[in-house]
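**Student:** Below is the file data.tsv, with TSV, C-alpha atoms.
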chain	number	residue	atom	x	y	z
A	1	MET	CA	122.40	180.61	211.51
A	2	SER	CA	124.30	181.45	214.67
A	3	LYS	CA	123.84	184.69	216.51
A	4	ASN	CA	127.41	185.80	215.76
A	5	LYS	CA	126.90	185.33	212.01
A	6	LYS	CA	123.70	187.37	212.12
A	7	ILE	CA	125.54	190.17	213.93
A	8	ILE	CA	128.34	190.09	211.31
A	9	ILE	CA	125.85	190.20	208.41
A	10	ILE	CA	123.84	193.04	209.96
A	11	SER	CA	127.03	194.95	210.74
A	12	SER	CA	128.22	194.47	207.15
A	13	ILE	CA	124.92	195.71	205.76
A	14	ILE	CA	125.01	198.77	208.03
A	15	ALA	CA	128.62	199.46	207.00
A	16	VAL	CA	127.69	199.24	203.30
A	17	ILE	CA	124.75	201.59	203.83
A	18	VAL	CA	126.95	204.07	205.71
A	19	ILE	CA	129.53	203.97	202.92
A	20	ILE	CA	126.86	204.50	200.23
A	21	VAL	CA	125.35	207.44	202.14
A	22	ALA	CA	128.80	208.95	202.68
A	23	VAL	CA	129.61	208.63	198.98
A	24	LEU	CA	126.30	210.25	198.02
A	25	ILE	CA	126.83	213.11	200.46
A	26	TYR	CA	130.38	213.60	199.18
A	27	CYS	CA	129.18	213.69	195.56
A	28	MET	CA	126.44	216.17	196.39
A	29	VAL	CA	128.80	218.46	198.30
A	30	PHE	CA	131.53	218.17	195.66
A	31	ASN	CA	129.11	218.96	192.85
A	32	TYR	CA	127.74	221.91	194.80
A	33	PHE	CA	131.14	223.48	195.28
A	34	GLU	CA	132.18	222.60	191.75
A	35	GLU	CA	129.17	224.44	190.38
A	36	ASP	CA	129.59	227.28	192.86
A	37	ALA	CA	133.23	227.70	191.82
A	38	THR	CA	132.10	229.19	188.52
A	39	SER	CA	131.27	232.83	189.04
A	40	LYS	CA	128.10	234.36	187.60
A	41	VAL	CA	130.27	236.88	185.76
A	42	ASN	CA	132.19	234.02	184.19
A	43	LYS	CA	128.94	232.33	183.18
A	44	LEU	CA	127.73	235.58	181.61
A	45	TYR	CA	131.00	235.84	179.70
A	46	THR	CA	130.53	232.30	178.35
A	47	GLN	CA	126.90	232.95	177.39
A	48	LEU	CA	127.70	236.13	175.48
A	49	GLN	CA	130.71	234.55	173.82
A	50	GLU	CA	128.42	231.87	172.38
A	51	LYS	CA	125.92	234.40	171.03
A	52	SER	CA	126.31	235.89	167.55
A	53	VAL	CA	123.69	238.59	168.16
A	54	TYR	CA	123.03	240.52	171.38
A	55	SER	CA	122.97	243.99	172.92
A	56	PHE	CA	124.41	245.22	176.20
A	57	SER	CA	123.53	248.61	177.67
A	58	ILE	CA	124.53	250.44	180.85
A	59	THR	CA	122.83	253.59	182.12
A	60	LEU	CA	123.83	256.01	184.84
A	61	ASP	CA	121.57	258.84	183.64
A	62	GLU	CA	120.67	260.70	180.43
A	63	GLU	CA	124.12	262.30	180.34
A	64	ASN	CA	126.04	259.04	180.88
A	65	ASN	CA	125.10	255.79	179.18
A	66	MET	CA	126.34	253.29	176.63
A	67	TYR	CA	124.61	250.97	174.17
A	68	TYR	CA	126.58	248.19	172.52
A	69	ALA	CA	125.18	245.82	169.89
A	70	LYS	CA	126.87	242.81	168.30
A	71	ASN	CA	125.90	241.02	165.10
A	72	ASP	CA	128.42	238.36	164.02
A	73	ASN	CA	131.50	240.29	162.85
A	74	SER	CA	129.90	243.72	163.18
A	75	ALA	CA	129.31	245.93	166.20
A	76	TYR	CA	127.66	249.24	167.04
A	77	VAL	CA	128.63	251.42	170.01
A	78	ASP	CA	126.73	254.53	171.05
A	79	THR	CA	128.28	256.23	174.09
A	80	ILE	CA	127.15	259.37	175.89
A	81	ASN	CA	129.71	260.55	178.43
A	82	LYS	CA	128.99	263.78	180.32
A	83	GLY	CA	126.53	264.69	177.58
A	84	ASN	CA	129.00	264.14	174.72
A	85	GLU	CA	127.88	261.46	172.26
A	86	SER	CA	130.00	259.27	170.00
A	87	LYS	CA	128.76	256.60	167.61
A	88	PHE	CA	130.85	253.87	166.06
A	89	ILE	CA	130.09	251.12	163.58
A	90	ILE	CA	132.73	248.39	163.46
A	91	LYS	CA	132.71	246.07	160.46
A	92	ASP	CA	134.83	244.83	157.55
A	93	GLY	CA	137.95	245.31	159.66
A	94	ASN	CA	137.36	249.05	160.08
A	95	SER	CA	135.75	251.42	162.57
A	96	TYR	CA	133.48	254.22	161.40
A	97	LEU	CA	132.86	257.28	163.57
A	98	LEU	CA	129.46	258.78	162.74
A	99	SER	CA	128.40	262.39	163.16
A	100	ASP	CA	124.64	262.87	163.08
A	101	ASP	CA	124.90	266.66	163.20
A	102	ASP	CA	126.46	267.07	159.77
A	103	LYS	CA	125.74	263.56	158.43
A	104	THR	CA	129.35	262.54	157.96
A	105	TYR	CA	131.58	259.67	159.04
A	106	TYR	CA	135.28	259.12	159.46
A	107	THR	CA	136.97	255.79	158.73
A	108	TYR	CA	139.60	254.29	161.03
A	109	LYS	CA	141.11	251.66	158.75
A	110	ASN	CA	142.26	248.30	160.10
A	111	ASN	CA	140.82	249.11	163.50
A	112	GLU	CA	138.42	246.77	165.31
A	113	THR	CA	139.19	247.86	168.86
A	114	GLU	CA	135.55	247.99	169.96
A	115	LEU	CA	134.32	244.91	168.08
A	116	GLU	CA	134.41	242.65	171.15
A	117	LYS	CA	134.07	245.46	173.69
A	118	ILE	CA	131.96	243.61	176.29
A	119	ILE	CA	133.54	240.18	175.86
A	120	LEU	CA	137.07	241.53	176.32
A	121	THR	CA	136.03	243.49	179.41
A	122	LEU	CA	134.44	240.45	181.05
A	123	GLU	CA	137.36	238.26	179.99
A	124	LYS	CA	139.65	240.25	182.28
A	125	LEU	CA	137.61	239.02	185.26
A	126	LYS	CA	137.71	235.31	184.43
A	127	ASP	CA	140.65	234.37	186.63
A	128	MET	CA	140.26	237.06	189.27
A	129	SER	CA	139.24	236.29	192.82
A	130	TYR	CA	136.03	237.89	194.05
A	131	ALA	CA	133.91	238.32	197.14
A	132	LYS	CA	130.21	237.49	197.42
A	133	GLY	CA	127.50	239.38	199.18
A	134	LYS	CA	123.91	240.60	199.17
A	135	GLU	CA	122.62	244.15	198.96
A	136	GLN	CA	119.29	245.91	198.57
A	137	ILE	CA	118.82	248.16	195.55
A	138	GLU	CA	115.51	249.90	194.90
A	139	ASN	CA	113.70	247.78	197.50
A	140	ARG	CA	115.00	244.46	196.14
A	141	GLN	CA	117.69	242.17	197.47
A	142	TYR	CA	120.36	241.08	194.97
A	143	GLN	CA	123.38	238.83	195.12
A	144	TYR	CA	126.61	240.42	193.98
A	145	GLU	CA	130.16	239.50	193.07
A	146	GLU	CA	132.79	242.10	193.98
A	147	TYR	CA	136.07	242.49	192.09
A	148	GLU	CA	138.92	244.68	193.28
A	149	THR	CA	140.79	247.20	191.08
A	150	VAL	CA	138.12	246.93	188.34
A	151	THR	CA	136.85	250.21	186.84
A	152	ASP	CA	136.13	249.33	183.19
A	153	PHE	CA	132.41	250.13	183.38
A	154	SER	CA	132.73	253.47	185.15
A	155	PHE	CA	132.00	256.78	183.41
A	156	LYS	CA	134.26	258.66	185.83
A	157	ASN	CA	137.81	259.77	185.10
A	158	ILE	CA	139.66	257.69	187.67
A	159	SER	CA	143.24	258.32	188.71
A	160	GLU	CA	145.77	255.50	188.87
A	161	GLN	CA	145.70	255.73	192.64
A	162	GLY	CA	141.91	255.50	192.59
A	163	LYS	CA	142.06	252.39	190.43
A	164	GLN	CA	144.24	250.64	192.99
A	165	THR	CA	141.56	250.94	195.67
A	166	ALA	CA	138.47	250.69	193.44
A	167	LYS	CA	135.95	247.86	193.63
A	168	THR	CA	133.23	246.89	191.20
A	169	ARG	CA	130.15	244.89	192.15
A	170	PHE	CA	128.05	242.95	189.65
A	171	TYR	CA	124.48	242.43	190.89
A	172	PHE	CA	122.42	239.48	189.70
A	173	ASP	CA	118.76	238.55	189.71
A	174	GLY	CA	119.27	234.80	189.46
A	175	ASN	CA	121.84	234.63	186.65
A	176	LYS	CA	120.68	237.88	185.05
A	177	LEU	CA	123.01	240.85	185.43
A	178	VAL	CA	120.94	243.88	186.46
A	179	TYR	CA	123.30	246.43	188.05
A	180	ILE	CA	126.99	247.32	188.13
A	181	LYS	CA	128.38	249.48	190.92
A	182	THR	CA	131.86	251.01	191.00
A	183	ILE	CA	133.10	252.01	194.46
A	184	ILE	CA	136.05	254.37	194.92
A	185	GLY	CA	136.55	255.46	198.51
A	186	ASN	CA	133.30	257.08	199.65
A	187	GLU	CA	132.04	257.59	196.09
A	188	GLN	CA	129.74	255.17	194.29
A	189	GLU	CA	128.46	254.96	190.74
A	190	ILE	CA	125.65	252.51	190.04
A	191	LEU	CA	124.62	251.56	186.52
A	192	LYS	CA	121.47	249.84	185.37
A	193	VAL	CA	122.18	246.98	182.95
A	194	GLU	CA	120.01	245.58	180.18
A	195	ILE	CA	120.99	242.65	177.97
A	196	SER	CA	118.88	241.55	175.02
A	197	ASP	CA	118.96	239.14	172.07
A	198	GLU	CA	116.97	241.58	169.92
A	199	VAL	CA	119.10	243.95	167.83
A	200	ASP	CA	118.13	246.32	165.02
A	201	GLU	CA	120.14	245.24	161.95
A	202	ASN	CA	120.03	248.80	160.56
A	203	LEU	CA	122.44	249.89	163.28
A	204	PHE	CA	125.31	248.24	161.45
A	205	GLN	CA	124.74	250.13	158.21
A	206	ILE	CA	126.17	253.58	157.50
A	207	PRO	CA	123.22	255.76	156.38
A	208	SER	CA	123.28	256.30	152.60
A	209	ASP	CA	123.09	260.10	152.97
A	210	TYR	CA	126.23	260.28	155.17
A	211	GLN	CA	129.44	261.45	153.49
A	212	ASN	CA	132.88	259.99	154.13
A	213	LEU	CA	135.39	262.59	155.31
Would you put the structure from the file into structure tokens?

**Tutor:**
Amino acid sequence: MSKNKKIIIISSIIAVIVIIVAVLIYCMVFNYFEEDATSKVNKLYTQLQEKSVYSFSITLDEENNMYYAKNDNSAYVDTINKGNESKFIIKDGNSYLLSDDDKTYYTYKNNETELEKIILTLEKLKDMSYAKGKEQIENRQYQYEEYETVTDFSFKNISEQGKQTAKTRFYFDGNKLVYIKTIIGNEQEILKVEISDEVDENLFQIPSDYQNL
């Protein structure tokens, strides 16, 4: 075999190797950005949408917190806002407002507004642009996704002007949502988040000793 033929063969082999390496690098980079294009909030939305049973709670303090539980076509929402508590059971197409003080409940017929409370809130963020960052909370570093003009998780009464400048950050430990912070000007409200697959089935039943008003 002549020297020129050897050079051509070697050059061809090198060219093939370069092409293969370039294709592999392209695939790796493309897959990375393709995976990265899906926000953690969007992934959480998908995960919860696929679950039939789960709970989602946010806590600012004892005077401001919310516990939401979902079980198939039923939901339970216990909200304490500025110390005032309201409890709802949503099932059978209706919403039932419970009063523990006098053991009564009021029926809102054909009303399932809160049935998909968390899913519908997260759904609003699906197609929104967001910024990424890192921040330390309670001596730990977390990744966050920041969405502008989002205030759905805040316990504050926010004016329309405030909503236009508000930002909400969702903090993740891996893919686990652990904090939500709403930022309005110089004010901040940070909520601790807990999500669980364990739900008490009794929450979706109106106590037998409660009277319908």

**Student:** Write out as a Markdown table a residue-level contact list of stretch 124-168 of chain A versus stretch 52-71 of chain A with cut-off 12 Å: for each qualifying residue the closest pair of atoms and the distance in Å to one decimal, counting only C-alpha atoms, rows sorted by chain and residue number upward.

**Tutor:**
| residue | atom | partner | partner_atom | distance |
| --- | --- | --- | --- | --- |
| A:Asp152 | CA | A:Ile58 | CA | 11.9 |
| A:Phe153 | CA | A:Ile58 | CA | 8.3 |
| A:Ser154 | CA | A:Leu60 | CA | 9.3 |
| A:Phe155 | CA | A:Asn64 | CA | 6.9 |
| A:Lys156 | CA | A:Asn64 | CA | 9.6 |

**Student:** Mind writing the picked residues with C-alpha atoms as an mmCIF file, keeping the file's coordinate frame?

**Tutor:**
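Dumped everything to again-v6.cif:
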data_model
loop_
_atom_site.group_PDB
_atom_site.id
_atom_site.type_symbol
_atom_site.label_atom_id
_atom_site.label_comp_id
_atom_site.auth_asym_id
_atom_site.auth_seq_id
_atom_site.Cartn_x
_atom_site.Cartn_y
_atom_site.Cartn_z
ATOM 1 C CA ASP A 152 136.130 249.330 183.190
ATOM 2 C CA PHE A 153 132.410 250.130 183.380
ATOM 3 C CA SER A 154 132.730 253.470 185.150
ATOM 4 C CA PHE A 155 132.000 256.780 183.410
ATOM 5 C CA LYS A 156 134.260 258.660 185.830
#

**Student:** I need the residue nearest A:Gly162 from this list: A:Thr107, A:Ser99, A:Asn175, A:Asn186. Use only C-alpha atoms for the distance.

**Tutor:**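 For A:Gly162, the nearest of the candidates is A:Asn186.
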
**Student:** One number please: atom CA of A:Glu116 to atom CA of A:Gly83, in Å, one decimal.

**Tutor:**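 Atom CA of A:Gly83 lies 24.3 Å from atom CA of A:Glu116.
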
**Student:** Looking at A:Gly93, A:Pro207, A:Gly174, A:Gly185, which one is nearest to A:Ser74, with distances taken over only C-alpha atoms?

**Tutor:**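 Closest to A:Ser74 of all the choices is A:Gly93.
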
**Student:** Kindly give the distance, in Å, that separates atom CA of A:Asn73 and atom CA of A:Asp197, rounded to a single decimal.

**Tutor:** 15.6 Å

**Student:** Do a neighbour search on A:Leu97 at 9 Å with all atoms listed in the file, toss out local chain neighbours closer than 2 positions, and write the hits as a list in words.

**Tutor:**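 Counting all atoms listed in the file, the residues come to Ser86, Lys87, Phe88, Ile89, Ile90, Ser95, Ser99, Thr104, Tyr105, Tyr106, Thr107 and Tyr108 of chain A.
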
**Student:** Take the residues from that selection and write them out as a CSV table (one decimal), in the frame of the given file, keeping C-alpha atoms.

**Tutor:**
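Contents of result_39.csv, as written:
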chain,number,residue,atom,x,y,z
A,86,SER,CA,130.0,259.3,170.0
A,87,LYS,CA,128.8,256.6,167.6
A,88,PHE,CA,130.8,253.9,166.1
A,89,ILE,CA,130.1,251.1,163.6
A,90,ILE,CA,132.7,248.4,163.5
A,95,SER,CA,135.8,251.4,162.6
A,99,SER,CA,128.4,262.4,163.2
A,104,THR,CA,129.4,262.5,158.0
A,105,TYR,CA,131.6,259.7,159.0
A,106,TYR,CA,135.3,259.1,159.5
A,107,THR,CA,137.0,255.8,158.7
A,108,TYR,CA,139.6,254.3,161.0

**Student:** Between A:Val77, A:Ala166, A:Leu98, A:Leu48, which one has atoms that come closest to A:Lys181, using all atoms listed in the file?

**Tutor:**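 Closest candidate: A:Ala166.
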
**Student:** Which one of A:Ile184, A:Lys167, A:Ile118, A:Phe204 sits closest to A:Ala131 if you count only C-alpha atoms?

**Tutor:** A:Lys167

**Student:** Quick check, in Å to one decimal: how far apart do atom CA of A:Gln49 and atom CA of A:Val193 lie?

**Tutor:**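 For atom CA of A:Gln49 relative to atom CA of A:Val193, the distance reads 17.6 Å.
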
**Student:** Which residue gives the smallest distance to A:Leu213 among A:Asp102, A:Lys40, A:Glu50, A:Ile137, with all atoms listed in the file counted?

**Tutor:**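 Distance minimum relative to A:Leu213 lands on A:Asp102.
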
**Student:** Out of A:Leu115, A:Met128, A:Leu203, A:Leu191, which residue has the shortest atom-to-atom distance to A:Phe170 when counting all atoms listed in the file?

**Tutor:**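 Using all atoms listed in the file, A:Phe170 sits closest to A:Leu191.
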
**Student:** Excluding same-chain residues fewer than 4 positions from A:Thr151, what lies within 12 Å of it counting only C-alpha atoms, as a VMD selection string?

**Tutor:** chain A and resid 121 to 122 124 to 125 146 to 147 155 to 170 180 to 184 188 to 190

**Student:** Once 4 Å is added on each side, what are the centre and the three edge lengths, in Å to one decimal, of the axis-aligned box enclosing the listed atoms of stretch 108-117 of chain A? Present them as lines of an AutoDock Vina configuration file.

**Tutor:**
center_x = 138.2
center_y = 248.5
center_z = 166.2
size_x = 16.2
size_y = 19.6
size_z = 22.9
